[in-house]
Every structure is written in C-alpha cells, then in structure tokens.
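**Student:** See upload33.cif below, with mmCIF, C-alpha atoms.
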data_protein
#
loop_
_atom_site.label_atom_id
_atom_site.label_comp_id
_atom_site.auth_asym_id
_atom_site.auth_seq_id
_atom_site.Cartn_x
_atom_site.Cartn_y
_atom_site.Cartn_z
CA MET A 948 -26.57 9.71 -34.91
CA ALA A 949 -30.00 8.85 -36.37
CA THR A 950 -30.22 6.08 -38.95
CA GLN A 951 -31.52 6.76 -42.44
CA ASP A 952 -34.91 5.23 -41.54
CA SER A 953 -35.33 7.36 -38.44
CA ASN A 954 -37.35 10.56 -38.41
CA PRO A 955 -35.27 13.25 -36.61
CA GLU A 956 -38.40 15.17 -35.57
CA GLN A 957 -39.94 12.07 -33.96
CA LEU A 958 -36.68 11.32 -32.16
CA LEU A 959 -36.52 14.87 -30.79
CA VAL A 960 -40.13 14.76 -29.63
CA GLY A 961 -39.59 11.39 -27.96
CA ARG A 962 -36.40 12.52 -26.20
CA ALA A 963 -38.01 15.77 -25.10
CA SER A 964 -40.94 13.92 -23.53
CA GLU A 965 -38.51 11.64 -21.70
CA ARG A 966 -36.48 14.64 -20.46
CA ASN A 967 -39.63 16.41 -19.23
CA ASP A 968 -40.85 13.30 -17.39
CA PRO A 969 -39.78 13.61 -13.69
CA ALA A 970 -39.30 9.84 -13.57
CA GLY A 971 -36.71 9.98 -16.35
CA PRO A 972 -36.40 7.78 -19.48
CA ILE A 973 -36.96 4.48 -17.63
CA GLY A 974 -40.02 5.81 -15.83
CA HIS A 975 -41.34 7.18 -19.11
CA GLN A 976 -41.10 3.74 -20.76
CA GLN A 977 -42.84 2.12 -17.77
CA LYS A 978 -45.72 4.59 -18.10
CA ILE A 979 -46.10 3.70 -21.78
CA LYS A 980 -46.24 -0.03 -20.88
CA LYS A 981 -48.87 0.62 -18.22
CA LYS A 982 -51.02 2.57 -20.70
CA LYS A 983 -50.79 -0.27 -23.24
CA LYS A 984 -51.69 -2.83 -20.55
CA LYS A 985 -54.65 -0.74 -19.40
CA LYS A 986 -55.87 -0.33 -22.98
CA SER A 987 -55.56 -4.08 -23.59
CA LYS A 988 -57.49 -4.85 -20.39
CA ARG A 989 -60.26 -2.41 -21.37
CA ARG A 990 -60.52 -3.97 -24.83
CA PHE A 991 -60.69 -7.45 -23.25
CA GLU A 992 -63.48 -6.38 -20.87
CA GLU A 993 -65.42 -4.76 -23.71
CA GLU A 994 -65.13 -7.99 -25.72
CA GLU A 995 -66.36 -10.07 -22.76
CA GLY A 996 -69.19 -7.61 -22.22
CA LEU A 997 -70.67 -8.86 -25.51
CA LEU A 998 -71.31 -12.30 -23.97
CA ASP A 999 -74.90 -13.39 -24.56
CA VAL A 1000 -75.62 -15.42 -21.41
CA SER A 1001 -78.87 -16.76 -22.89
CA ASN A 1002 -77.12 -18.35 -25.88
CA VAL A 1003 -75.54 -21.78 -25.39
CA GLU A 1004 -72.87 -21.37 -28.06
CA SER A 1005 -71.95 -17.90 -26.84
CA VAL A 1006 -71.41 -19.22 -23.30
CA ARG A 1007 -69.40 -22.22 -24.52
CA LEU A 1008 -67.21 -19.91 -26.59
CA ALA A 1009 -66.71 -17.64 -23.56
CA LEU A 1010 -65.69 -20.67 -21.48
CA TRP A 1011 -63.18 -21.76 -24.11
CA LYS A 1012 -61.70 -18.26 -24.49
CA SER A 1013 -61.47 -17.83 -20.73
CA TYR A 1014 -59.76 -21.21 -20.28
CA SER A 1015 -57.37 -20.74 -23.22
CA ARG A 1016 -56.38 -17.24 -22.15
CA CYS A 1017 -55.56 -18.27 -18.59
CA MET A 1018 -53.91 -21.56 -19.42
CA ILE A 1019 -51.52 -20.04 -21.97
CA GLU A 1020 -49.31 -18.94 -19.05
CA GLY A 1021 -49.23 -22.52 -17.77
CA ASP A 1022 -48.54 -23.84 -21.29
CA PRO A 1023 -51.20 -26.58 -21.36
CA SER A 1024 -50.50 -29.58 -23.54
CA GLU A 1025 -52.47 -30.32 -26.69
CA ILE A 1026 -54.06 -33.24 -24.83
CA GLU A 1027 -55.31 -30.91 -22.08
CA ARG A 1028 -56.79 -28.53 -24.65
CA GLU A 1029 -58.51 -31.33 -26.56
CA ASP A 1030 -59.76 -32.76 -23.27
CA PHE A 1031 -61.35 -29.42 -22.36
CA LYS A 1032 -62.92 -29.13 -25.82
CA SER A 1033 -64.41 -32.61 -25.54
CA ILE A 1034 -65.90 -31.71 -22.15
CA LEU A 1035 -67.41 -28.54 -23.63
CA ASP A 1036 -68.99 -30.58 -26.43
CA SER A 1037 -70.33 -33.23 -24.06
CA LYS A 1038 -73.46 -33.24 -21.92
CA LEU A 1039 -71.31 -32.76 -18.81
CA ILE A 1040 -71.74 -29.01 -19.14
CA LYS A 1041 -75.32 -27.84 -18.74
CA ILE A 1042 -76.63 -24.30 -19.17
CA LEU A 1043 -79.68 -23.76 -16.99
CA PRO A 1044 -82.71 -21.88 -18.40
CA GLU A 1045 -82.82 -18.10 -18.26
CA LYS A 1046 -85.63 -15.81 -17.09
CA VAL A 1047 -86.53 -17.81 -13.99
CA ALA A 1048 -85.39 -17.41 -10.38
CA VAL A 1049 -82.08 -19.09 -9.51
CA HIS A 1050 -83.63 -21.49 -7.00
CA MET A 1051 -86.20 -22.56 -9.62
CA GLN A 1052 -83.44 -23.13 -12.18
CA ILE A 1053 -81.77 -25.53 -9.77
CA VAL A 1054 -84.88 -27.28 -8.45
CA ASP A 1055 -86.29 -27.85 -11.94
CA SER A 1056 -82.95 -29.13 -13.28
CA PHE A 1057 -82.17 -31.36 -10.30
CA PRO A 1058 -85.54 -32.61 -8.98
CA SER A 1059 -83.99 -35.32 -6.76
CA TRP A 1060 -81.77 -32.87 -4.87
CA LYS A 1061 -83.49 -33.37 -1.48
CA LYS A 1062 -82.92 -37.11 -1.61
CA GLN A 1063 -79.24 -36.56 -2.52
CA VAL A 1064 -78.81 -34.04 0.30
CA SER A 1065 -80.18 -36.52 2.84
CA ARG A 1066 -77.40 -38.96 1.96
CA ILE A 1067 -74.54 -36.57 2.75
CA GLN A 1068 -72.85 -37.69 5.98
CA SER A 1069 -69.19 -36.67 5.61
CA ASN A 1070 -68.08 -33.34 7.08
CA GLY A 1071 -66.76 -30.79 4.61
CA ALA A 1072 -67.87 -32.80 1.55
CA PRO A 1073 -70.64 -30.88 -0.26
CA LEU A 1074 -73.03 -32.14 -2.90
CA TRP A 1075 -72.88 -28.88 -4.84
CA ILE A 1076 -70.38 -26.03 -5.19
CA ILE A 1077 -71.55 -22.67 -6.59
CA LEU A 1078 -68.70 -20.43 -7.75
CA CYS A 1079 -69.29 -16.68 -8.07
CA SER A 1080 -67.12 -13.78 -9.22
CA SER A 1081 -67.16 -11.87 -5.90
CA ALA A 1082 -68.27 -11.91 -2.28
CA ASP A 1083 -71.13 -9.54 -3.16
CA ARG A 1084 -72.40 -11.93 -5.80
CA CYS A 1085 -72.12 -14.85 -3.35
CA ILE A 1086 -74.32 -12.96 -0.89
CA SER A 1087 -76.88 -12.28 -3.66
CA ILE A 1088 -76.96 -15.98 -4.57
CA LEU A 1089 -77.44 -16.96 -0.92
CA LYS A 1090 -80.41 -14.61 -0.69
CA GLU A 1091 -81.91 -16.03 -3.87
CA LEU A 1092 -81.55 -19.57 -2.50
CA LYS A 1093 -83.22 -18.89 0.85
CA ASP A 1094 -85.93 -21.48 0.10
CA LEU A 1095 -83.32 -24.19 -0.48
CA ARG A 1096 -81.49 -23.21 2.70
CA ARG A 1097 -84.44 -24.46 4.73
CA SER A 1098 -83.66 -28.01 3.61
CA ALA A 1099 -79.88 -27.96 3.19
CA LYS A 1100 -76.81 -26.82 5.12
CA PHE A 1101 -74.99 -24.06 3.23
CA GLY A 1102 -71.34 -23.08 3.54
CA LYS A 1103 -70.12 -19.53 2.86
CA LEU A 1104 -66.63 -19.80 1.39
CA PHE A 1105 -65.60 -16.28 0.45
CA SER A 1106 -63.45 -13.60 2.07
CA ARG A 1107 -66.26 -11.67 3.73
CA HIS A 1108 -67.84 -12.72 7.07
CA MET A 1109 -65.44 -15.61 7.79
CA LYS A 1110 -61.66 -15.95 7.80
CA VAL A 1111 -59.87 -19.01 6.46
CA HIS A 1112 -59.32 -20.62 9.89
CA GLU A 1113 -63.01 -20.12 10.72
CA GLN A 1114 -64.03 -21.78 7.46
CA VAL A 1115 -61.61 -24.64 8.15
CA SER A 1116 -63.25 -25.16 11.54
CA PHE A 1117 -66.72 -25.03 9.96
CA LEU A 1118 -65.85 -27.66 7.34
CA GLU A 1119 -64.26 -29.94 9.93
CA ARG A 1120 -67.35 -30.04 12.15
CA GLU A 1121 -70.27 -29.71 9.68
CA ALA A 1122 -71.81 -31.99 7.05
CA VAL A 1123 -72.29 -29.18 4.54
CA HIS A 1124 -74.55 -29.81 1.54
CA VAL A 1125 -74.03 -26.73 -0.63
CA VAL A 1126 -71.03 -24.41 -0.81
CA VAL A 1127 -71.28 -20.89 -2.20
CA GLY A 1128 -67.91 -19.24 -2.69
CA THR A 1129 -65.30 -17.53 -4.81
CA PRO A 1130 -62.70 -19.52 -6.78
CA ALA A 1131 -59.81 -18.18 -4.66
CA ARG A 1132 -61.24 -19.29 -1.31
CA VAL A 1133 -62.60 -22.61 -2.61
CA LEU A 1134 -59.19 -23.38 -4.16
CA LYS A 1135 -57.43 -22.43 -0.92
CA LEU A 1136 -59.59 -24.76 1.19
CA CYS A 1137 -59.16 -27.61 -1.30
CA GLU A 1138 -55.40 -27.14 -1.15
CA LEU A 1139 -55.62 -27.38 2.65
CA SER A 1140 -57.61 -30.65 2.21
CA LYS A 1141 -60.45 -29.22 4.28
CA LEU A 1142 -62.96 -28.94 1.43
CA LYS A 1143 -63.46 -32.46 0.09
CA LEU A 1144 -64.86 -33.27 -3.33
CA SER A 1145 -65.63 -36.95 -2.74
CA GLU A 1146 -69.42 -36.33 -2.65
CA LEU A 1147 -69.53 -33.54 -5.24
CA LYS A 1148 -72.13 -34.01 -7.97
CA VAL A 1149 -72.54 -30.54 -9.52
CA LEU A 1150 -70.19 -27.59 -9.94
CA PHE A 1151 -72.22 -24.45 -10.68
CA LEU A 1152 -70.57 -21.49 -12.41
CA ASP A 1153 -72.42 -18.21 -12.01
CA LYS A 1154 -72.27 -16.55 -15.43
CA GLN A 1155 -74.19 -13.40 -14.55
CA LYS A 1156 -72.49 -10.04 -15.11
CA ASP A 1157 -72.20 -7.23 -12.59
CA GLN A 1158 -73.00 -3.54 -13.15
CA LYS A 1159 -69.67 -3.09 -14.94
CA GLN A 1160 -70.50 -6.00 -17.27
CA ARG A 1161 -67.86 -8.23 -15.66
CA SER A 1162 -68.37 -11.89 -14.84
CA LEU A 1163 -66.67 -15.00 -13.54
CA LEU A 1164 -65.45 -15.54 -17.10
CA SER A 1165 -63.99 -12.08 -17.64
CA LEU A 1166 -62.34 -10.94 -14.39
CA ARG A 1167 -58.69 -11.83 -14.89
CA ASP A 1168 -57.66 -12.63 -11.30
CA VAL A 1169 -60.84 -14.61 -10.72
CA GLN A 1170 -60.35 -16.57 -13.96
CA LYS A 1171 -56.85 -17.61 -12.91
CA ASP A 1172 -58.15 -19.11 -9.65
CA LEU A 1173 -61.15 -20.65 -11.43
CA TRP A 1174 -59.10 -22.56 -14.00
CA THR A 1175 -56.40 -23.50 -11.50
CA PHE A 1176 -59.15 -25.06 -9.38
CA TYR A 1177 -60.51 -26.75 -12.50
CA GLU A 1178 -57.14 -28.20 -13.57
CA LYS A 1179 -56.11 -29.39 -10.11
CA HIS A 1180 -59.39 -30.66 -8.70
CA VAL A 1181 -62.19 -30.86 -11.27
CA THR A 1182 -60.75 -32.39 -14.45
CA THR A 1183 -60.41 -35.91 -13.05
CA LEU A 1184 -63.93 -35.82 -11.60
CA LEU A 1185 -65.32 -34.83 -15.01
CA ARG A 1186 -63.36 -37.55 -16.80
CA ASN A 1187 -64.73 -40.10 -14.34
CA LYS A 1188 -68.23 -38.68 -14.85
CA GLN A 1189 -68.64 -38.14 -11.12
CA ILE A 1190 -69.79 -34.55 -11.62
CA GLU A 1191 -71.29 -32.23 -14.18
CA VAL A 1192 -70.82 -28.49 -14.63
CA SER A 1193 -73.88 -26.24 -14.77
CA LEU A 1194 -73.98 -22.55 -15.57
CA LEU A 1195 -76.45 -20.43 -13.64
#
Reformat the file's structure so that it appears as structure tokens.
**Tutor:**
Amino acid sequence: MATQDSNPEQLLVGRASERNDPAGPIGHQQKIKKKKKKKSKRRFEEEEGLLDVSNVESVRLALWKSYSRCMIEGDPSEIEREDFKSILDSKLIKILPEKVAVHMQIVDSFPSWKKQVSRIQSNGAPLWIILCSSADRCISILKELKDLRRSAKFGKLFSRHMKVHEQVSFLEREAVHVVVGTPARVLKLCELSKLKLSELKVLFLDKQKDQKQRSLLSLRDVQKDLWTFYEKHVTTLLRNKQIEVSLL
C-alpha cells in the first residue's frame, strides 16, 4: 500500500522500469548508482578543467581541493590539514614561470643544479623527482629535458618501458640524479625502500593538462597515489625544510 505522500503513478512507473530491466530490481538500482557516479565524475572533471595554470592562487586552490578530496577518505586530522595549509602559504611551494620551455623553467629557477648534481654519490637517491599524470606525459617531459640529460643521469619510473624489478635493479646500481615518474610507481619503489629520498631537494609536480583537460591534480586514481606519497614520504621532508615543491 502506498503512503499518503507517495505518488501512485510514480510508483507504477518505477516498478515497471524495474520489471522491464533484465537485471531485476537490484540490477536496476545499481545502474542508477553508476549513472550518478559517472555524472559526479564528469562534473568534477569539468570543474578541474577550469584550472588556470598560469595563476598562482588558482593552482594553490587546486592543490588544496585535490588534497582535501583525497584525504577525506583517510580522515586527516585538523593538525594535518593546517600543516598542509601552512605549507601552501609558505615559500616551500614554488610555481615556475609559464610560456617558456620546461628545461628553461628549471635551469632559470635552479641555476646551481649542475653543482648539486655533481655531489650525488648514493645509488637510488635522486636530487629531483618530477611527478607526471601518465607514462605518456613522462615521455614528453623526458624529451623536453634532453639538454639536461646530457649532464645528469635520469631515471624512468613509470609503467612503460621498465617493469618494477628492472627499476629496482636500476636504482640499486645507479647514482641517479633526476627521476621522472608517475605517483603510483614512485610510491611503490619508495615502499620497497629502493628509491631513497635522503638527497632529494626538489619535488616537481607537472600541472599541465592533457587533451581531455585532465591533470595530475584532477585524475582521481593518480591523486590518491600522489597524496599517499606526500603523506608517507614528503611531509616530514617539507617540515624539516630539506625540500621544496615546484609546479611545472
């Protein structure tokens, strides 16, 4: 029996749609949930597509939203949230100038990089880590940094080209200066204690968007790995002022 507040016609329509669905009532409800989830994801991506990568405040806001959204599941404490806000407001996060080639952004911002590279002796302990949203973007960055690669040993830490055990072997035998990778693979190799952060000075976050207007700060799975890496391995280094974060 329908309640007084129920609309009999709506109930009939709803029940009819469930009866006509081959998956039955349960399958029908699951489809509705999937549609809502898809709509929410599309709205989220559209919102992130409005990011103005040339504007400092816009990028800082995107960082905060990305962090807050991902850390809600982990229920971060108020102290952790305030700590992240203080880091955002500090000079530890630098946004490199737009409208110049990537290698020029880095060279101009870190003029003593060659001297720092020459001091790296430990295997698997890079001076810089550059995090990108995908393997394709990592490859693009490597191409753009070909001039720097003449003077520094680069490590490719993403799923294409090399498997995890091959990357482990590489880090064990090489004094790598710069790592270019995805958050998932970098996190994995840190968890295995093969990628060491003892010599790390700069963590670069690639903020550029792909053809679908997605970035490191908007792809959900990538964000989860990014902020897990941040919480587990980067926070302490930032507090101790060992490193700074720069956005390319």
**Student:** Excluding Ser1116 of chain A and residues on its chain fewer than 3 positions from it, collect all residues at most 12 Å away from it, counting all atoms listed in the file, and give them as a PyMOL selection string.
**Tutor:** chain A and resi 1070-1071+1102+1104+1109-1113+1119-1122+1136+1139+1141-1142
**Student:** Between A:Leu1194, A:Cys1017, A:Val1127, A:Ala1072, which one has atoms that come closest to Leu1144 of chain A, using only C-alpha atoms?
**Tutor:** A:Ala1072
**Student:** Evaluate the PyMOL selection byres ((chain A and resi 1133) around 9) and record the selected residues as a compact mmCIF listing (two decimals) with C-alpha atoms, in the frame of the given file, following the chain and residue labels used in the document.
**Tutor:**
# COMPACT_ATOMS: atom_id res chain seq x y z
CA ILE A 1076 -70.38 -26.03 -5.19
CA LEU A 1078 -68.70 -20.43 -7.75
CA LEU A 1104 -66.63 -19.80 1.39
CA PHE A 1105 -65.60 -16.28 0.45
CA VAL A 1126 -71.03 -24.41 -0.81
CA VAL A 1127 -71.28 -20.89 -2.20
CA GLY A 1128 -67.91 -19.24 -2.69
CA THR A 1129 -65.30 -17.53 -4.81
CA PRO A 1130 -62.70 -19.52 -6.78
CA ALA A 1131 -59.81 -18.18 -4.66
CA ARG A 1132 -61.24 -19.29 -1.31
CA LEU A 1134 -59.19 -23.38 -4.16
CA LYS A 1135 -57.43 -22.43 -0.92
CA LEU A 1136 -59.59 -24.76 1.19
CA CYS A 1137 -59.16 -27.61 -1.30
CA GLU A 1138 -55.40 -27.14 -1.15
CA LEU A 1142 -62.96 -28.94 1.43
CA PHE A 1176 -59.15 -25.06 -9.38
**Student:** For the atom pair atom CA of Val1054 of chain A and atom CA of Ala1099 of chain A, what is the interatomic distance in Å to one decimal place?
**Tutor:**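 Taking atom CA of Val1054 of chain A and atom CA of Ala1099 of chain A, their separation equals 12.7 Å.
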**Student:** Can you give me, as a PDB file with C-alpha atoms, in the frame of the given file, the residues this file yields under the PyMOL selection byres ((chain A and resi 1164) around 7)?
**Tutor:**
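Generated output (result-v8.pdb):
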ATOM      1  CA  ALA A1009     -66.710 -17.640 -23.560  1.00  0.00           C
ATOM      2  CA  LEU A1010     -65.690 -20.670 -21.480  1.00  0.00           C
ATOM      3  CA  SER A1013     -61.470 -17.830 -20.730  1.00  0.00           C
ATOM      4  CA  SER A1162     -68.370 -11.890 -14.840  1.00  0.00           C
ATOM      5  CA  LEU A1163     -66.670 -15.000 -13.540  1.00  0.00           C
ATOM      6  CA  SER A1165     -63.990 -12.080 -17.640  1.00  0.00           C
ATOM      7  CA  LEU A1166     -62.340 -10.940 -14.390  1.00  0.00           C
ATOM      8  CA  GLN A1170     -60.350 -16.570 -13.960  1.00  0.00           C
TER       9      GLN A1170
END
**Student:** What do you get, as a ChimeraX atom specification, if you spell out every residue that the PyMOL selection byres ((chain A and resi 1088) around 12) selects here?
**Tutor:** /A:1048-1050,1053,1077-1087,1089-1096,1101,1103,1125-1129,1151-1155,1195
**Student:** Between atom CA of Arg1161 of chain A and atom CA of Thr1182 of chain A, measure the distance and give it in Å to one decimal.
**Tutor:** 25.2 Å
**Student:** My list of candidates is A:Val1192, A:Val1181, A:Leu1147, A:Val1169. Which is closest to Ile1067 of chain A when distances are computed with only C-alpha atoms?
**Tutor:**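 Ranked by minimum distance to Ile1067 of chain A, first place goes to A:Leu1147.
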**Student:** Using atom CA of Ser1059 of chain A and atom CA of Pro1073 of chain A as the two end points, give the distance in Å to one decimal.
**Tutor:** 15.5 Å
